[in-house]
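**Q** Okay, handing you the structure first.
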Amino acid sequence: MASAISLSFLNGTTPLKSNSPLHKSKFTPPHLRIISSSKISHKLSSSFEQSIVPISCTRRFDLVPRCGILSNDLPTERKKSFGEWVEVVGDAVSTAFPIWVSLGCLLGLLRPSTFNWVTPNWTIAGLTITMLGMGMTLTLDDLRGALSMPKELFAGFVLQYSVMPLSGFLVSKLLNLPPHYAAGLILVGCCPGGTASNIVTYIARGNVALSVLMTAASTVSAVIMTPLLTAKLAKQYITVDALGLLMSTLQVVLLPVLAGAFLNQYFEKLVKFVSPVMPPIAVGTVAILCGYAIGQNAPAILMSGKQVVLASSLLHISGFLFGYLFARFLGIDVPSSRTISIEVGMQNSVLGVVLATQHFGNPLTAVPCAVSSVCHSILGSVLAGIWRRSSPKQLED
């Protein structure tokens, strides 16, 4: 009878006496029937022996049994390794990239001497490492996939190199910018998508795979598209060294990206080891280069800074807006349209800083590129936050 009570307790039923009417009835439900002690013992040993957690039972004054799960049988939370902590910190730093870039620009504006140690060679090295890190997020197979150009990727590519360059040109005309600012704004409009767009796409619940492929496609194509479009649209404002732009873009964009993709394809362990520190390095590099560009022209920016900020803001708002509208007009789904909007609206502004510093005589040409980095980071983050709170039904399903 004790075994019957035990089984009924496990089954969540009330034990019945053997002489009760329900017990004697042939219609008694199977789960309420009393089973013999031997059958119960066999069932317990075969069904529950492997699954019951070891129980520690003690009696207090031999009256009340006190039972509990042994502490050493509870699963313990695994402590994070040093590498995992580095990855957590790196993600936190990368997510706050608008703050770091804004601080760098503010420091360059108020304390220009802070960046006196930055040299042209350092800027090239910093951007090369940044693009190498971006390449490590890809593989050679990804780059081959980008060349296949499906509908979304092709639409994003065309919008990237049409909406932004034309927006830079039209905004320069609309605000009647000085030649050096107009050339800088057009230059940043002709640059490829920035690596920060991948983070913003993730936050906005967009299509991250498409974002990575779009960044790769526009970056590789920048070797031809950036010098060609800049020379075509900015030649009326300033002399453009198209060949010099081509060689610099090849050096600091294409080769590092290909090298990173090669390492990720064939040296996965090495890439896994260094990849956690690459995003913070990229964020720091962008913040330093933008602060340097602002610091070099702090007096002029203080005099006409509002005009440059307005021009950069209009440029990126145009990219976000028309990138999304045209993508939806082409019948592309909402998550992919959001991704295209972010990719079109966010540029590789630090590439514009480096190219302007190296190939344009007036240092003020780099100012719109530096200000652009702050504007698109803040606008992109705000847009991602809005879209994250209003995720499309496709993603929820």
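Scheme for the structure tokens: letters A, B, ... for chains in order shown; per-chain residue numbers from 1; ligand numbers from 1 in order shown.
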Near segment 293-305 of chain A, counting only C-alpha atoms, which residues have an atom at most 8 Å away, once you skip same-chain residues fewer than 5 positions from it, shown as a list of chain:residue names?
**A**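 The filter keeps A:Cys105, A:Leu107, A:Gly108, A:Leu109, A:Leu110, A:Arg111, A:Pro112, A:Ser113, A:Phe115, A:Val353, A:Pro363, A:Leu364, A:Ala366, A:Val367, A:Ala370, A:Val371.
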**Q** Please produce an output containing C-alpha atoms for each residue in the selection, written as a PDB file, in the first residue's frame.
**A**
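Done, and the output landed in result-v6.pdb:
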```pdb
ATOM      1  CA  CYS A 105      35.545  65.348 -33.057  1.00  0.00           C
ATOM      2  CA  LEU A 107      38.257  66.958 -28.652  1.00  0.00           C
ATOM      3  CA  GLY A 108      39.712  67.924 -32.022  1.00  0.00           C
ATOM      4  CA  LEU A 109      37.565  71.057 -32.079  1.00  0.00           C
ATOM      5  CA  LEU A 110      38.372  72.212 -28.529  1.00  0.00           C
ATOM      6  CA  ARG A 111      41.916  70.855 -28.149  1.00  0.00           C
ATOM      7  CA  PRO A 112      43.417  70.515 -31.653  1.00  0.00           C
ATOM      8  CA  SER A 113      46.918  69.891 -30.257  1.00  0.00           C
ATOM      9  CA  PHE A 115      46.116  65.023 -32.402  1.00  0.00           C
ATOM     10  CA  VAL A 353      39.234  61.781 -44.748  1.00  0.00           C
ATOM     11  CA  PRO A 363      42.891  70.645 -45.850  1.00  0.00           C
ATOM     12  CA  LEU A 364      39.351  71.975 -45.411  1.00  0.00           C
ATOM     13  CA  ALA A 366      38.534  66.717 -45.295  1.00  0.00           C
ATOM     14  CA  VAL A 367      36.183  68.556 -42.908  1.00  0.00           C
ATOM     15  CA  ALA A 370      34.951  64.023 -40.679  1.00  0.00           C
ATOM     16  CA  VAL A 371      31.654  65.726 -39.812  1.00  0.00           C
TER      17      VAL A 371
END
```
**Q** Show which residues sit within 9 Å of Met164 of chain A, as a PyMOL selection string. Count only C-alpha atoms, and ignore same-chain residues fewer than 3 positions away.
**A** chain A and resi 159-161+167-169+186+188-191+315-316+318-319+344-345+347
**Q** In terms of the shortest atom-to-atom distance over only C-alpha atoms, which of A:Phe326, A:Trp117, A:Phe360, A:Phe97 is closest to Val158 of chain A?
**A** A:Phe326
**Q** Give me, as number ranges by chain, all polymer residues having an atom no more than 9 Å from Pro368 of chain A, counting only C-alpha atoms and skipping those fewer than 6 positions away in the same chain.
**A** A: 181-185, 187-188, 308-309, 311-312, 349, 352-353
**Q** Could you tell me how far atom CA of Val93 of chain A sits from atom CA of Met278 of chain A, in Å to one decimal place?
**A**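 Separation of atom CA of Met278 of chain A and atom CA of Val93 of chain A: 11.0 Å.
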**Q** So what do you get for atom CA of Ser197 of chain A versus atom CA of Leu174 of chain A, distance-wise?
**A**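 These atoms are spaced 27.2 Å apart.
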**Q** Tell me, as a list in words, which residues lie within 10 Å of Leu351 of chain A, counting only C-alpha atoms; anything in the same chain fewer than 4 positions away does not count.
**A**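 So the residues in contact are Thr123, Ile124, Leu127, Thr128, Met131, Leu187, Val188, Cys191, Pro192, Gly194, Ser248, Thr249, Val252, Val253, Val286, Leu289, Gln347, Leu355, Ala356, Thr357, Cys369 and Ala370 of chain A.
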**Q** Once DSSP has gone over the backbone, tell me which residues of segment 75-200 of chain A are in helix (DSSP H, G or I), as a ChimeraX atom specification.
**A** /A:82-95,97-110,112-115,120-135,140-148,151-175,179-189,196-200
**Q** Using only C-alpha atoms, which of A:Ala196, A:Leu254, A:Val89, A:Leu330 sits nearest Ala217 of chain A?
**A**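 Ranked by minimum distance to Ala217 of chain A, first place goes to A:Leu254.
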